[in-house]
Protein chains: 2
Amino acid sequence: MTLVRSEKRTRRRRQILDAAWAIAAESGLGAVTLHEVARRVGIRQPSLYVYVESKLNLYDAMFADAYEELFTRIEAAPAGGTAREQLLRLSRIVLDFSVESPPRQQLLFGRTIPGFEPSPASYELAERALQRGRNLLAAAGAASPAQLDAYTAVVAGLGAQQVANDPGGRRWTRHLETMVCLVLDHFPDQEKELQ
Amino acid sequence: MTLVRSEKRTRRRRQILDAAWAIAAESGLGAVTLHEVARRVGIRQPSLYVYVESKLNLYDAMFADAYEELFTRIEAAPAGGTAREQLLRLSRIVLDFSVESPPRQQLLFGRTIPGFEPSPASYELAERALQRGRNLLAAAGAASPAQLDAYTAVVAGLGAQQVANDPGGRRWTRHLETMVCLVLDHFPDQEKELQ
DNA sequence: GTCTATAACGAGATAGAC
DNA sequence: GTCTATCTCGTTATAGAC
């Protein structure tokens with residue numbers, strides 16, 4: 001009985017998150033309001049407070065939700081090949097994931113919601129994902145911090161440009177493999193200047 | 001007399017834009033409200049409508065204001081050197097400009113304000129800036145559309161990462177010259193696959 | 001867990017006097 | 001050009017009944 005009850009609770013939370021993502025996709029992340037979420041779920045706005053502490057807490061739940069989805073996709077992918085192949089596969093998953101939903105990209109990789117900061121627990125998810133890239137990058141021969149930063153800039157840049165200027169298309173994302181290899185093969189692995 | 005009057009008007013508009021940018025810098029672009037802008041300028045909120053048609057119109061004025069500032073900086077820079085030198089100089093100006101103010105970056109290069117789209121006049125300013133990069137890129141030997149996209153992704157990516165993860169620092173921006181040269185020297189100038 | 005009712009507030013926008 | 005006054009609407013959040 002208790003199990004059934006917590007299952008229902010989980011289901012409701014799922015509905016709430018889905019509704020929030022739907023609103024964000026239609027009208028922007030900043031357009032998510034508790035009234036509209038409740039309306040779509042089919043309950044009254046005060047009832048949301050059973051599942052969510054506050055509006056910022058809802059954003060945090062969305063943040064964590066997104067990373068869990070990302071991990072699911074990463075784990076569902078094939079695992080073999082060279083380090084470079086694995087890195088390219090991971091990069092493709094992350095870029096597609098980021099480009100698929102502009103508000104999700106905004107929530108995860110921008111700091112654009114006034115007052116929102118991921119909770120420690122949510123931030124840890126982000127850190128875990130980054131660690132994955134760091135490890136593969138090192139295994140592929142790019143171990144320096146500068147190379148990691150160049151790599152993240154490439155992935156973030158392709159994603160940002162794709163979403164802002166060709167939403168739904170492939171104009172920027174198709175250059176992912178080329179550009180990651182550019183960083184792997186030609187980015188200087190030693191800092192030229194120490195200042 | 002008419003001149004004096006339009007001068008006062010211009011001054012007020014300047015005050016209004018400055019106040020809006022200040023609020024955005026302190027609390028985020030989405031936190032700009034007409035009430036708060038008016039409070040800082042020292043007038044009442046309805047008086048703003050003499051200078052601005054609506055809130056979205058204020059955002060558009062900020063958009064145009066930012067590009068005018070960018071052009072001022074570009075024209076103030078020295079003009080000589082090889083095409084590559086000029087391109088690196090322009091890129092540095094744009095990147096510094098973009099990183100200097102997170103809300104400005106958000107307004108210019110993201111599509112994050114629900115309902116806001118730059119007016120045709122404002123959009124033309126953006127197009128003019130991009131054209132400048134396109135010309136220099138071509139002169140530096142990178143004439144293909146793919147190279148232009150790789151270039152904009154690099155600049156946008158460094159800016160986005162810098163603002164999101166090391167605001168006020170140089171962790172990403174210092175790699176600008178290295179990465180632009182990477183695109184110039186090693187990005188394939190022919191599309192490898194036509195699909 | 002969901003409801004009604006409502007508090008408390010702030011937003012953008014308009015009318016009309018001065 | 002600036003003001004007061006106000007409309008209308010929406011927001012987050014809480015209290016308390018069922």
# chains A, B, ... in the order shown; residues from 1 in each chain; ligands from 1

call {"tool": "interface_residues", "arguments": {"of": "chain C", "to": "chain A", "cutoff": "8 Å", "atoms": "only C-alpha atoms (C1' of nucleotides)", "output": "PDB file with C-alpha atoms (C1' of nucleotides), in the first residue's frame"}}
result
ATOM      1  C1'  DG C   1      -3.644  14.938  -1.485  1.00  0.00           C
ATOM      2  C1'  DT C   2      -6.699  18.141  -3.156  1.00  0.00           C
ATOM      3  C1'  DC C   3      -9.663  21.758  -2.645  1.00  0.00           C
TER       4       DC C   3
END

call {"tool": "interface_residues", "arguments": {"of": "chain D", "to": "chain B", "cutoff": "8 Å", "atoms": "only C-alpha atoms (C1' of nucleotides)", "output": "PyMOL selection string"}}
result
chain D and resi 1-3

call {"tool": "closest_atom_pairs", "arguments": {"of": "chain A", "to": "chain B", "cutoff": "8 Å", "atoms": "only C-alpha atoms", "output": "JSON lines"}}
result
{"residue": "A:Ser27", "atom": "CA", "partner": "B:Pro114", "partner_atom": "CA", "distance": 6.2}
{"residue": "A:Gly28", "atom": "CA", "partner": "B:Pro114", "partner_atom": "CA", "distance": 5.6}
{"residue": "A:Leu29", "atom": "CA", "partner": "B:Thr112", "partner_atom": "CA", "distance": 7.9}
{"residue": "A:Gly30", "atom": "CA", "partner": "B:Pro114", "partner_atom": "CA", "distance": 7.0}
{"residue": "A:Ala31", "atom": "CA", "partner": "B:Pro114", "partner_atom": "CA", "distance": 6.8}
{"residue": "A:Gln106", "atom": "CA", "partner": "B:Thr112", "partner_atom": "CA", "distance": 8.0}
{"residue": "A:Phe109", "atom": "CA", "partner": "B:Ala164", "partner_atom": "CA", "distance": 7.1}
{"residue": "A:Gly110", "atom": "CA", "partner": "B:Ala164", "partner_atom": "CA", "distance": 5.8}
{"residue": "A:Arg111", "atom": "CA", "partner": "B:Ala164", "partner_atom": "CA", "distance": 6.1}
{"residue": "A:Thr112", "atom": "CA", "partner": "B:Gly28", "partner_atom": "CA", "distance": 6.9}
{"residue": "A:Ile113", "atom": "CA", "partner": "B:Gly28", "partner_atom": "CA", "distance": 7.5}
{"residue": "A:Pro114", "atom": "CA", "partner": "B:Gly28", "partner_atom": "CA", "distance": 5.6}
{"residue": "A:Gly115", "atom": "CA", "partner": "B:Ser27", "partner_atom": "CA", "distance": 7.9}
{"residue": "A:Ala146", "atom": "CA", "partner": "B:His175", "partner_atom": "CA", "distance": 8.0}
{"residue": "A:Asp149", "atom": "CA", "partner": "B:Trp172", "partner_atom": "CA", "distance": 6.5}
{"residue": "A:Ala150", "atom": "CA", "partner": "B:His175", "partner_atom": "CA", "distance": 7.3}
{"residue": "A:Thr152", "atom": "CA", "partner": "B:Gln161", "partner_atom": "CA", "distance": 7.6}
{"residue": "A:Ala153", "atom": "CA", "partner": "B:Gly157", "partner_atom": "CA", "distance": 4.4}
{"residue": "A:Val154", "atom": "CA", "partner": "B:Gly157", "partner_atom": "CA", "distance": 5.8}
{"residue": "A:Val155", "atom": "CA", "partner": "B:Gly157", "partner_atom": "CA", "distance": 7.4}
{"residue": "A:Ala156", "atom": "CA", "partner": "B:Gly157", "partner_atom": "CA", "distance": 5.2}
{"residue": "A:Gly157", "atom": "CA", "partner": "B:Gly157", "partner_atom": "CA", "distance": 3.3}
{"residue": "A:Leu158", "atom": "CA", "partner": "B:Ala153", "partner_atom": "CA", "distance": 5.1}
{"residue": "A:Ala160", "atom": "CA", "partner": "B:Gly157", "partner_atom": "CA", "distance": 7.2}
{"residue": "A:Gln161", "atom": "CA", "partner": "B:Ala153", "partner_atom": "CA", "distance": 6.1}
{"residue": "A:Ala164", "atom": "CA", "partner": "B:Gly110", "partner_atom": "CA", "distance": 5.8}
{"residue": "A:Arg171", "atom": "CA", "partner": "B:Asp149", "partner_atom": "CA", "distance": 7.9}
{"residue": "A:Trp172", "atom": "CA", "partner": "B:Asp149", "partner_atom": "CA", "distance": 6.5}
{"residue": "A:His175", "atom": "CA", "partner": "B:Ala150", "partner_atom": "CA", "distance": 7.3}
{"residue": "A:Thr178", "atom": "CA", "partner": "B:Phe187", "partner_atom": "CA", "distance": 7.6}
{"residue": "A:Met179", "atom": "CA", "partner": "B:Phe187", "partner_atom": "CA", "distance": 7.6}
{"residue": "A:Leu182", "atom": "CA", "partner": "B:His186", "partner_atom": "CA", "distance": 7.0}
{"residue": "A:His186", "atom": "CA", "partner": "B:Leu182", "partner_atom": "CA", "distance": 7.0}
{"residue": "A:Phe187", "atom": "CA", "partner": "B:Leu182", "partner_atom": "CA", "distance": 7.2}

call {"tool": "atom_distance", "arguments": {"atom1": "atom CA of Arg132 of chain B", "atom2": "atom CA of Met62 of chain B"}}
result
21.4 Å

call {"tool": "select_by_dssp", "arguments": {"residues": "segment 46-156 of chain B", "states": "alpha helix (DSSP H)", "output": "VMD selection string"}}
result
chain B and resid 55 to 76 83 to 100 102 to 109 120 to 139 145 to 156

call {"tool": "residues_around", "arguments": {"residues": "Tyr59 of chain B", "least_positions_apart": "4", "cutoff": "9 Å", "atoms": "only C-alpha atoms (C1' of nucleotides)", "output": "list in words"}}
result
Ala20, Ser54, Lys55, Phe63, Ala64, Leu107, Ile113, Phe116, Glu117 and Pro118 of chain B

call {"tool": "residues_around", "arguments": {"residues": "segment 4-11 of chain C", "least_positions_apart": "3", "cutoff": "8 Å", "atoms": "only C-alpha atoms (C1' of nucleotides)", "output": "PyMOL selection string"}}
result
(chain B and resi 33) or (chain D and resi 10-11+14)

call {"tool": "residues_around", "arguments": {"residues": "DT6 of chain D", "least_positions_apart": "4", "cutoff": "12 Å", "atoms": "only C-alpha atoms (C1' of nucleotides)", "output": "VMD selection string"}}
result
(chain B and resid 46) or (chain C and resid 13 to 16)

call {"tool": "atom_distance", "arguments": {"atom1": "atom CA of Ala139 of chain B", "atom2": "atom CA of Ala83 of chain B"}}
result
5.7 Å

call {"tool": "decode", "arguments": {"residues": "segment 10-21 of chain B", "atoms": "all heavy atoms", "output": "JSON list (two decimals), in the first residue's frame"}}
result
[["chain", "number", "residue", "atom", "x", "y", "z"],
["B", 10, "THR", "N", 17.08, 63.08, -25.84],
["B", 10, "THR", "CA", 18.17, 62.10, -26.02],
["B", 10, "THR", "C", 18.82, 61.75, -24.69],
["B", 10, "THR", "O", 19.11, 60.58, -24.41],
["B", 10, "THR", "CB", 19.24, 62.68, -26.96],
["B", 10, "THR", "OG1", 18.63, 63.03, -28.20],
["B", 10, "THR", "CG2", 20.34, 61.65, -27.21],
["B", 11, "ARG", "N", 19.01, 62.76, -23.86],
["B", 11, "ARG", "CA", 19.63, 62.53, -22.57],
["B", 11, "ARG", "C", 18.77, 61.61, -21.70],
["B", 11, "ARG", "O", 19.27, 60.71, -21.05],
["B", 11, "ARG", "CB", 19.83, 63.88, -21.86],
["B", 11, "ARG", "CG", 21.12, 63.95, -21.03],
["B", 11, "ARG", "CD", 21.15, 65.26, -20.26],
["B", 11, "ARG", "NE", 21.02, 66.43, -21.14],
["B", 11, "ARG", "CZ", 22.06, 67.20, -21.51],
["B", 11, "ARG", "NH1", 23.25, 66.93, -21.07],
["B", 11, "ARG", "NH2", 21.86, 68.24, -22.29],
["B", 12, "ARG", "N", 17.49, 61.85, -21.73],
["B", 12, "ARG", "CA", 16.57, 61.00, -20.95],
["B", 12, "ARG", "C", 16.60, 59.56, -21.43],
["B", 12, "ARG", "O", 16.65, 58.63, -20.65],
["B", 12, "ARG", "CB", 15.14, 61.53, -21.08],
["B", 12, "ARG", "CG", 14.66, 62.34, -19.90],
["B", 12, "ARG", "CD", 14.20, 61.45, -18.74],
["B", 12, "ARG", "NE", 13.52, 62.23, -17.71],
["B", 12, "ARG", "CZ", 14.12, 62.73, -16.64],
["B", 12, "ARG", "NH1", 15.40, 62.51, -16.44],
["B", 12, "ARG", "NH2", 13.43, 63.42, -15.76],
["B", 13, "ARG", "N", 16.57, 59.41, -22.72],
["B", 13, "ARG", "CA", 16.64, 58.06, -23.28],
["B", 13, "ARG", "C", 17.92, 57.37, -22.85],
["B", 13, "ARG", "O", 17.93, 56.18, -22.53],
["B", 13, "ARG", "CB", 16.59, 58.12, -24.81],
["B", 13, "ARG", "CG", 15.25, 57.71, -25.39],
["B", 13, "ARG", "CD", 15.32, 57.60, -26.91],
["B", 13, "ARG", "NE", 15.78, 56.30, -27.38],
["B", 13, "ARG", "CZ", 14.96, 55.29, -27.67],
["B", 13, "ARG", "NH1", 13.66, 55.44, -27.52],
["B", 13, "ARG", "NH2", 15.44, 54.14, -28.08],
["B", 14, "ARG", "N", 19.00, 58.10, -22.83],
["B", 14, "ARG", "CA", 20.28, 57.56, -22.38],
["B", 14, "ARG", "C", 20.16, 57.10, -20.91],
["B", 14, "ARG", "O", 20.60, 56.02, -20.55],
["B", 14, "ARG", "CB", 21.34, 58.65, -22.52],
["B", 14, "ARG", "CG", 22.78, 58.26, -22.22],
["B", 14, "ARG", "CD", 23.37, 57.31, -23.24],
["B", 14, "ARG", "NE", 23.28, 55.93, -22.79],
["B", 14, "ARG", "CZ", 23.19, 54.89, -23.59],
["B", 14, "ARG", "NH1", 23.16, 55.04, -24.89],
["B", 14, "ARG", "NH2", 23.09, 53.68, -23.10],
["B", 15, "GLN", "N", 19.54, 57.96, -20.09],
["B", 15, "GLN", "CA", 19.36, 57.60, -18.68],
["B", 15, "GLN", "C", 18.55, 56.33, -18.54],
["B", 15, "GLN", "O", 18.85, 55.46, -17.72],
["B", 15, "GLN", "CB", 18.63, 58.74, -17.94],
["B", 15, "GLN", "CG", 19.45, 59.99, -17.67],
["B", 15, "GLN", "CD", 18.61, 61.01, -16.90],
["B", 15, "GLN", "OE1", 17.63, 61.54, -17.42],
["B", 15, "GLN", "NE2", 18.98, 61.28, -15.65],
["B", 16, "ILE", "N", 17.51, 56.24, -19.35],
["B", 16, "ILE", "CA", 16.62, 55.08, -19.28],
["B", 16, "ILE", "C", 17.37, 53.81, -19.66],
["B", 16, "ILE", "O", 17.31, 52.79, -18.97],
["B", 16, "ILE", "CB", 15.40, 55.29, -20.19],
["B", 16, "ILE", "CG1", 14.48, 56.36, -19.59],
["B", 16, "ILE", "CG2", 14.64, 53.98, -20.41],
["B", 16, "ILE", "CD1", 13.41, 56.88, -20.53],
["B", 17, "LEU", "N", 18.13, 53.87, -20.75],
["B", 17, "LEU", "CA", 18.90, 52.70, -21.17],
["B", 17, "LEU", "C", 19.94, 52.32, -20.13],
["B", 17, "LEU", "O", 20.12, 51.14, -19.80],
["B", 17, "LEU", "CB", 19.56, 52.97, -22.53],
["B", 17, "LEU", "CG", 18.60, 52.97, -23.71],
["B", 17, "LEU", "CD1", 19.27, 53.52, -24.97],
["B", 17, "LEU", "CD2", 18.08, 51.55, -23.97],
["B", 18, "ASP", "N", 20.61, 53.33, -19.59],
["B", 18, "ASP", "CA", 21.63, 53.03, -18.57],
["B", 18, "ASP", "C", 21.00, 52.34, -17.36],
["B", 18, "ASP", "O", 21.55, 51.38, -16.81],
["B", 18, "ASP", "CB", 22.33, 54.32, -18.13],
["B", 18, "ASP", "CG", 23.27, 54.85, -19.21],
["B", 18, "ASP", "OD1", 23.59, 54.09, -20.13],
["B", 18, "ASP", "OD2", 23.66, 56.04, -19.12],
["B", 19, "ALA", "N", 19.85, 52.85, -16.95],
["B", 19, "ALA", "CA", 19.18, 52.24, -15.80],
["B", 19, "ALA", "C", 18.79, 50.80, -16.09],
["B", 19, "ALA", "O", 18.99, 49.90, -15.27],
["B", 19, "ALA", "CB", 17.94, 53.06, -15.43],
["B", 20, "ALA", "N", 18.28, 50.58, -17.29],
["B", 20, "ALA", "CA", 17.89, 49.21, -17.67],
["B", 20, "ALA", "C", 19.09, 48.27, -17.66],
["B", 20, "ALA", "O", 19.03, 47.15, -17.12],
["B", 20, "ALA", "CB", 17.22, 49.23, -19.05],
["B", 21, "TRP", "N", 20.21, 48.71, -18.22],
["B", 21, "TRP", "CA", 21.42, 47.88, -18.22],
["B", 21, "TRP", "C", 21.91, 47.62, -16.80],
["B", 21, "TRP", "O", 22.38, 46.51, -16.48],
["B", 21, "TRP", "CB", 22.54, 48.54, -19.02],
["B", 21, "TRP", "CG", 22.36, 48.47, -20.51],
["B", 21, "TRP", "CD1", 22.25, 49.53, -21.37],
["B", 21, "TRP", "CD2", 22.29, 47.29, -21.33],
["B", 21, "TRP", "NE1", 22.11, 49.08, -22.66],
["B", 21, "TRP", "CE2", 22.14, 47.72, -22.67],
["B", 21, "TRP", "CE3", 22.34, 45.93, -21.06],
["B", 21, "TRP", "CZ2", 22.02, 46.82, -23.73],
["B", 21, "TRP", "CZ3", 22.23, 45.03, -22.12],
["B", 21, "TRP", "CH2", 22.08, 45.48, -23.43]]
